[in-house]
$ cat work.txt   # compact mmCIF, C-alpha atoms and all ligand atoms
# COMPACT_ATOMS: atom_id res chain seq x y z
CA MET A 1 -62.17 124.56 -5.86
CA PRO A 2 -60.34 126.20 -2.90
CA ASP A 3 -56.53 126.09 -2.85
CA PHE A 4 -56.32 123.26 -0.30
CA GLU A 5 -52.58 122.88 -0.86
CA LYS A 6 -51.80 126.52 -0.06
CA GLN A 7 -50.86 127.67 3.41
CA SER A 8 -52.62 131.00 2.78
CA TYR A 9 -55.94 129.14 2.38
CA TRP A 10 -55.54 127.47 5.79
CA HIS A 11 -54.29 130.67 7.42
CA GLU A 12 -57.40 132.54 6.33
CA ARG A 13 -59.64 129.68 7.33
CA PHE A 14 -58.13 129.12 10.79
CA ALA A 15 -58.30 132.86 11.56
CA SER A 16 -61.95 132.22 12.47
CA GLU A 17 -62.21 128.40 12.64
CA ARG A 18 -61.42 126.95 16.05
CA ALA A 19 -62.57 123.34 15.72
CA PHE A 20 -63.51 121.34 12.65
CA GLU A 21 -63.20 117.71 11.64
CA TRP A 22 -62.44 116.77 8.07
CA LEU A 23 -63.93 113.57 6.62
CA THR A 24 -64.83 111.79 9.83
CA PRO A 25 -65.01 112.40 13.59
CA SER A 26 -61.91 111.46 15.58
CA SER A 27 -63.97 108.94 17.59
CA THR A 28 -64.57 106.98 14.35
CA VAL A 29 -60.85 107.05 13.57
CA MET A 30 -60.11 105.75 17.07
CA ASP A 31 -62.64 102.91 16.62
CA ILE A 32 -60.89 101.90 13.39
CA LEU A 33 -57.48 102.19 15.03
CA THR A 34 -58.36 100.20 18.16
CA PRO A 35 -57.21 96.76 16.94
CA TYR A 36 -54.00 98.29 15.56
CA LEU A 37 -53.23 100.13 18.80
CA ALA A 38 -53.85 97.05 20.94
CA GLY A 39 -50.56 95.70 22.17
CA LEU A 40 -48.67 98.89 21.40
CA ASN A 41 -46.94 100.56 24.31
CA ALA A 42 -48.56 103.87 25.31
CA SER A 43 -45.15 105.53 25.04
CA ILE A 44 -44.86 104.99 21.26
CA ARG A 45 -44.04 108.07 19.21
CA ILE A 46 -47.00 109.21 17.10
CA LEU A 47 -46.77 111.78 14.32
CA HIS A 48 -50.04 113.53 13.51
CA LEU A 49 -49.59 115.23 10.15
CA GLY A 50 -51.68 118.25 9.20
CA SER A 51 -53.37 118.43 12.58
CA GLY A 52 -55.42 121.52 11.68
CA THR A 53 -58.28 122.21 14.11
CA SER A 54 -59.01 118.51 14.68
CA ASP A 55 -59.25 116.99 18.17
CA LEU A 56 -57.59 113.71 17.17
CA HIS A 57 -54.68 114.42 19.51
CA ASN A 58 -57.12 114.70 22.41
CA HIS A 59 -58.58 111.30 21.57
CA LEU A 60 -55.11 109.78 21.44
CA ARG A 61 -54.28 111.38 24.77
CA GLU A 62 -57.53 110.05 26.28
CA ARG A 63 -56.29 106.57 25.34
CA GLY A 64 -53.03 107.23 27.16
CA PHE A 65 -50.89 108.10 24.13
CA LEU A 66 -49.03 111.23 25.20
CA ASN A 67 -46.03 111.04 22.91
CA VAL A 68 -47.90 112.69 20.05
CA THR A 69 -46.33 115.31 17.78
CA ASN A 70 -48.89 117.43 15.96
CA VAL A 71 -47.45 118.86 12.76
CA ASP A 72 -48.88 121.57 10.59
CA TYR A 73 -47.32 124.14 8.28
CA GLU A 74 -49.81 126.82 9.40
CA PRO A 75 -48.97 128.34 12.80
CA LEU A 76 -52.63 129.08 13.57
CA ALA A 77 -53.40 125.35 13.37
CA LEU A 78 -50.88 124.66 16.11
CA GLU A 79 -52.35 127.45 18.22
CA ARG A 80 -55.84 125.99 17.77
CA GLY A 81 -54.61 122.48 18.58
CA ARG A 82 -52.94 123.68 21.79
CA GLN A 83 -56.11 125.49 22.83
CA LEU A 84 -58.26 122.40 22.16
CA GLU A 85 -55.93 120.33 24.35
CA GLN A 86 -55.85 122.97 27.08
CA ASP A 87 -59.67 123.22 27.05
CA ARG A 88 -60.06 119.45 27.27
CA PHE A 89 -57.36 118.56 29.82
CA GLY A 90 -56.42 121.81 31.55
CA ASP A 91 -52.82 121.48 30.34
CA VAL A 92 -50.78 120.79 27.20
CA GLN A 93 -48.68 117.65 27.02
CA THR A 94 -48.57 116.69 23.35
CA GLN A 95 -46.03 118.37 21.07
CA TYR A 96 -46.67 120.94 18.36
CA LEU A 97 -44.31 121.35 15.45
CA LEU A 98 -44.39 123.80 12.57
CA ALA A 99 -43.26 121.81 9.54
CA ASP A 100 -44.08 121.01 5.94
CA ALA A 101 -45.20 117.38 5.67
CA THR A 102 -43.62 117.11 2.22
CA ARG A 103 -40.20 118.12 3.60
CA LEU A 104 -39.95 116.71 7.09
CA ASN A 105 -36.71 117.03 8.95
CA LEU A 106 -37.15 115.33 12.30
CA SER A 107 -34.80 114.07 14.94
CA ASP A 108 -36.83 110.94 15.81
CA LYS A 109 -38.49 108.01 14.11
CA TYR A 110 -42.13 107.27 14.75
CA GLN A 111 -44.10 104.08 15.25
CA LEU A 112 -47.35 105.55 14.00
CA VAL A 113 -48.02 108.34 11.53
CA ILE A 114 -51.61 109.53 11.13
CA ASP A 115 -53.11 111.98 8.70
CA LYS A 116 -56.75 112.81 8.29
CA GLY A 117 -57.38 114.67 5.06
CA THR A 118 -53.81 115.96 4.84
CA ALA A 119 -52.69 113.65 2.03
CA ASP A 120 -55.84 114.82 0.19
CA ALA A 121 -54.93 118.49 0.67
CA ILE A 122 -51.33 117.89 -0.39
CA ALA A 123 -52.46 115.93 -3.46
CA CYS A 124 -54.18 119.11 -4.69
CA GLY A 125 -50.75 120.68 -5.17
CA GLU A 126 -47.85 119.92 -7.50
CA GLU A 127 -47.82 116.56 -9.22
CA ASP A 128 -45.20 114.96 -7.01
CA ALA A 129 -46.22 116.63 -3.72
CA LEU A 130 -47.91 113.52 -2.34
CA LEU A 131 -44.92 111.39 -3.33
CA SER A 132 -42.70 113.84 -1.42
CA MET A 133 -44.97 113.44 1.61
CA ALA A 134 -44.79 109.65 1.31
CA ARG A 135 -40.98 109.76 1.07
CA SER A 136 -40.86 112.04 4.11
CA VAL A 137 -43.11 109.71 6.10
CA ARG A 138 -41.03 106.70 5.05
CA ARG A 139 -37.86 108.42 6.22
CA PHE A 140 -39.19 109.01 9.71
CA LEU A 141 -41.28 105.87 10.15
CA ASP A 142 -39.89 102.95 12.15
CA GLU A 143 -39.36 99.79 10.09
CA SER A 144 -42.10 98.13 12.14
CA GLY A 145 -44.31 101.24 12.19
CA PHE A 146 -47.30 102.12 10.05
CA TRP A 147 -49.05 105.10 8.51
CA VAL A 148 -52.81 105.50 8.77
CA SER A 149 -54.33 107.88 6.25
CA LEU A 150 -57.95 108.98 6.00
CA SER A 151 -58.99 110.09 2.55
CA TYR A 152 -62.06 110.83 0.47
CA SER A 153 -60.36 109.12 -2.46
CA SER A 154 -60.54 105.42 -3.31
CA GLN A 155 -57.29 105.79 -5.26
CA ARG A 156 -55.21 108.05 -3.08
CA PHE A 157 -51.86 106.24 -3.41
CA ASP A 158 -50.42 105.57 -6.85
CA GLU A 159 -48.00 102.87 -8.02
CA GLU A 160 -44.91 104.88 -7.13
CA ILE A 161 -46.09 105.24 -3.53
CA GLN A 162 -47.06 101.57 -3.54
CA SER A 163 -43.44 100.75 -4.34
CA ILE A 164 -42.47 102.40 -1.03
CA PHE A 165 -45.42 101.20 1.07
CA SER A 166 -47.78 98.27 1.00
CA VAL A 167 -51.19 99.92 0.85
CA GLU A 168 -54.37 98.41 2.25
CA VAL A 169 -57.85 99.87 2.79
CA ILE A 170 -58.80 98.84 6.33
CA SER A 171 -62.13 100.63 6.49
CA LYS A 172 -64.64 102.21 4.16
CA ILE A 173 -66.64 104.78 6.09
CA PRO A 174 -70.08 105.56 4.65
CA THR A 175 -70.80 109.28 4.38
CA PRO A 176 -74.20 110.64 5.49
CA LYS A 177 -76.95 110.69 2.86
CA HIS A 178 -79.27 113.65 2.52
CA LYS A 179 -81.89 111.57 0.65
CA PRO A 180 -82.35 107.76 0.69
CA THR A 181 -81.78 107.75 -3.08
CA ASP A 182 -78.36 109.41 -2.78
CA PRO A 183 -75.50 107.17 -3.98
CA ASP A 184 -73.27 105.34 -1.50
CA ILE A 185 -70.14 107.43 -0.94
CA PHE A 186 -67.33 106.27 1.28
CA HIS A 187 -64.26 107.72 2.87
CA HIS A 188 -61.28 105.42 2.97
CA CYS A 189 -58.98 104.55 5.81
CA TYR A 190 -55.63 103.33 4.47
CA LEU A 191 -52.97 101.39 6.30
CA LEU A 192 -49.50 101.80 4.80
CA ARG A 193 -46.57 99.68 5.90
CA PRO A 194 -43.00 100.33 4.73
CA ARG A 195 -41.70 97.87 2.16
CA GLY A 196 -38.35 96.37 3.03
C1 LIG B 1 -57.99 118.90 5.17
S1 LIG B 1 -57.22 119.66 6.55
C2 LIG B 1 -57.29 118.37 7.75
C3 LIG B 1 -57.16 118.88 9.15
C4 LIG B 1 -57.33 117.81 10.22
N1 LIG B 1 -56.41 116.71 10.04
C5 LIG B 1 -58.75 117.28 10.28
O1 LIG B 1 -58.97 116.09 10.11
O2 LIG B 1 -59.67 118.08 10.52
C6 LIG B 1 -55.51 119.65 6.04
C7 LIG B 1 -54.55 120.17 7.07
O3 LIG B 1 -53.24 119.92 6.61
C8 LIG B 1 -52.45 121.08 6.71
N2 LIG B 1 -51.49 121.01 5.61
C9 LIG B 1 -51.73 121.09 4.27
N3 LIG B 1 -50.60 120.93 3.57
C10 LIG B 1 -49.61 120.75 4.49
C11 LIG B 1 -48.21 120.53 4.39
N4 LIG B 1 -47.59 120.48 3.20
N5 LIG B 1 -47.51 120.36 5.52
C12 LIG B 1 -48.12 120.41 6.74
N6 LIG B 1 -49.44 120.63 6.90
C13 LIG B 1 -50.17 120.78 5.78
C14 LIG B 1 -53.41 122.26 6.64
O4 LIG B 1 -52.89 123.41 7.25
C15 LIG B 1 -54.61 121.66 7.38
O5 LIG B 1 -54.50 121.87 8.75
$ encode --input "work.txt" --output "structure tokens" --more "lines below"
Ligand SMILES: C[S@@+](CC[C@H](N)C(=O)[O-])C[C@H]1O[C@@H](n2cnc3c(N)ncnc32)[C@H](O)[C@@H]1O
Amino acid sequence: MPDFEKQSYWHERFASERAFEWLTPSSTVMDILTPYLAGLNASIRILHLGSGTSDLHNHLRERGFLNVTNVDYEPLALERGRQLEQDRFGDVQTQYLLADATRLNLSDKYQLVIDKGTADAIACGEEDALLSMARSVRRFLDESGFWVSLSYSSQRFDEEIQSIFSVEVISKIPTPKHKPTDPDIFHHCYLLRPRG
């Protein structure tokens, strides 16, 4: 299996990759998010962790959410993200921040944190890496905010993380089948709310 947790893997990959969506298209994520975004002010602070070469930030911007900070620990990802935004809108208005999602040190708190496949990549690393990510997210998430995480795993968040966040699966997204007899395989969209 590739070293999904290593920055060198992503650096090599993004040297040639300009746009790629892990797990599910951003439009599907936005459909799932719609009821949760309803009623939220467009000026809310959104943290997009492990933005990679995804266009999720463009979809958020299309919905009027401009206060988006795209975080990745690989500089090429941020360059690709900026280019995708520039190509789509003719300018760059969302923020790009080089940071390790397991060791965030931010000056703001956020109302919404989103990761698509990033918790999965981080979980490939050291045993407590995902717990470190969860603690980081908790630290910079508003009390009333929430974390949306897209994962291939049906058991992404263990008991320790569940002691920090209430964890709910809000959507199971069927993956394409190559043959009708292929088994049903789902990706999971989690909603995590900070416990008091
Ligand atoms: C599976 S890809 C997902 C990319 C994108 N979210 C998508 O849906 O296409 C994981 C991304 O997380 C980034 N990443 C992995 N570990 C990270 C960490 N500890 N801190 C910040 N970014 C990380 C990688 O550079 C990569 O861009």
$ atom_distance --input "work.txt" --atom1 "CA of Leu37 in chain A" --atom2 "CA of Val68 in chain A"
13.7 Å
$ residues_around --input "work.txt" --residues "Tyr190 in chain A" --least-positions-apart "5" --cutoff "10 Å" --atoms "all atoms listed in the file" --output "ChimeraX atom specification"
/A:114-115,147-151,154,156-157,166-172
$ write_last_selection --input "work.txt" --atoms "C-alpha atoms" --output "mmCIF file, in the coordinates of the input"
data_model
loop_
_atom_site.group_PDB
_atom_site.id
_atom_site.type_symbol
_atom_site.label_atom_id
_atom_site.label_comp_id
_atom_site.auth_asym_id
_atom_site.auth_seq_id
_atom_site.Cartn_x
_atom_site.Cartn_y
_atom_site.Cartn_z
ATOM 1 C CA ILE A 114 -51.610 109.530 11.130
ATOM 2 C CA ASP A 115 -53.110 111.980 8.700
ATOM 3 C CA TRP A 147 -49.050 105.100 8.510
ATOM 4 C CA VAL A 148 -52.810 105.500 8.770
ATOM 5 C CA SER A 149 -54.330 107.880 6.250
ATOM 6 C CA LEU A 150 -57.950 108.980 6.000
ATOM 7 C CA SER A 151 -58.990 110.090 2.550
ATOM 8 C CA SER A 154 -60.540 105.420 -3.310
ATOM 9 C CA ARG A 156 -55.210 108.050 -3.080
ATOM 10 C CA PHE A 157 -51.860 106.240 -3.410
ATOM 11 C CA SER A 166 -47.780 98.270 1.000
ATOM 12 C CA VAL A 167 -51.190 99.920 0.850
ATOM 13 C CA GLU A 168 -54.370 98.410 2.250
ATOM 14 C CA VAL A 169 -57.850 99.870 2.790
ATOM 15 C CA ILE A 170 -58.800 98.840 6.330
ATOM 16 C CA SER A 171 -62.130 100.630 6.490
ATOM 17 C CA LYS A 172 -64.640 102.210 4.160
#
$ atom_distance --input "work.txt" --atom1 "CA of Arg195 in chain A" --atom2 "CA of Asp108 in chain A"
19.5 Å
$ residues_near_ligand --input "work.txt" --ligand "ligand LIG 1 (chain B)" --cutoff "7 Å" --atoms "all atoms listed in the file" --output "tab-separated table (two decimals) with C-alpha atoms, in the coordinates of the input"
chain	number	residue	atom	x	y	z
A	4	PHE	CA	-56.32	123.26	-0.30
A	5	GLU	CA	-52.58	122.88	-0.86
A	6	LYS	CA	-51.80	126.52	-0.06
A	7	GLN	CA	-50.86	127.67	3.41
A	10	TRP	CA	-55.54	127.47	5.79
A	20	PHE	CA	-63.51	121.34	12.65
A	21	GLU	CA	-63.20	117.71	11.64
A	22	TRP	CA	-62.44	116.77	8.07
A	23	LEU	CA	-63.93	113.57	6.62
A	49	LEU	CA	-49.59	115.23	10.15
A	50	GLY	CA	-51.68	118.25	9.20
A	51	SER	CA	-53.37	118.43	12.58
A	52	GLY	CA	-55.42	121.52	11.68
A	53	THR	CA	-58.28	122.21	14.11
A	54	SER	CA	-59.01	118.51	14.68
A	71	VAL	CA	-47.45	118.86	12.76
A	72	ASP	CA	-48.88	121.57	10.59
A	73	TYR	CA	-47.32	124.14	8.28
A	74	GLU	CA	-49.81	126.82	9.40
A	77	ALA	CA	-53.40	125.35	13.37
A	99	ALA	CA	-43.26	121.81	9.54
A	100	ASP	CA	-44.08	121.01	5.94
A	101	ALA	CA	-45.20	117.38	5.67
A	102	THR	CA	-43.62	117.11	2.22
A	115	ASP	CA	-53.11	111.98	8.70
A	116	LYS	CA	-56.75	112.81	8.29
A	117	GLY	CA	-57.38	114.67	5.06
A	118	THR	CA	-53.81	115.96	4.84
A	120	ASP	CA	-55.84	114.82	0.19
A	121	ALA	CA	-54.93	118.49	0.67
A	122	ILE	CA	-51.33	117.89	-0.39
$ atom_distance --input "work.txt" --atom1 "CA of Tyr152 in chain A" --atom2 "CA of Ala123 in chain A"
11.6 Å
$ closest_residue --input "work.txt" --among "A:Leu66, A:Tyr36, A:Ser107, A:Glu159" --to "Leu191 in chain A" --atoms "all atoms listed in the file"
A:Tyr36
$ closest_residue --input "work.txt" --among "A:Arg138, A:Arg18, A:Arg45, A:Arg193" --to "Leu84 in chain A" --atoms "only C-alpha atoms"
A:Arg18
$ residues_near_point --input "work.txt" --point "(-35.1, 106.9, 14.8)" --cutoff "12 Å" --atoms "all atoms listed in the file" --output "list in words"
Ile44, Arg45, Asn105, Leu106, Ser107, Asp108, Lys109, Tyr110, Gln111, Arg138, Arg139, Phe140, Leu141, Asp142, Glu143, Ser144 and Gly145 of chain A
$ closest_residue --input "work.txt" --among "A:Asp158, A:Ser153, A:Thr94, A:Ala19" --to "Glu127 in chain A" --atoms "all atoms listed in the file"
A:Asp158
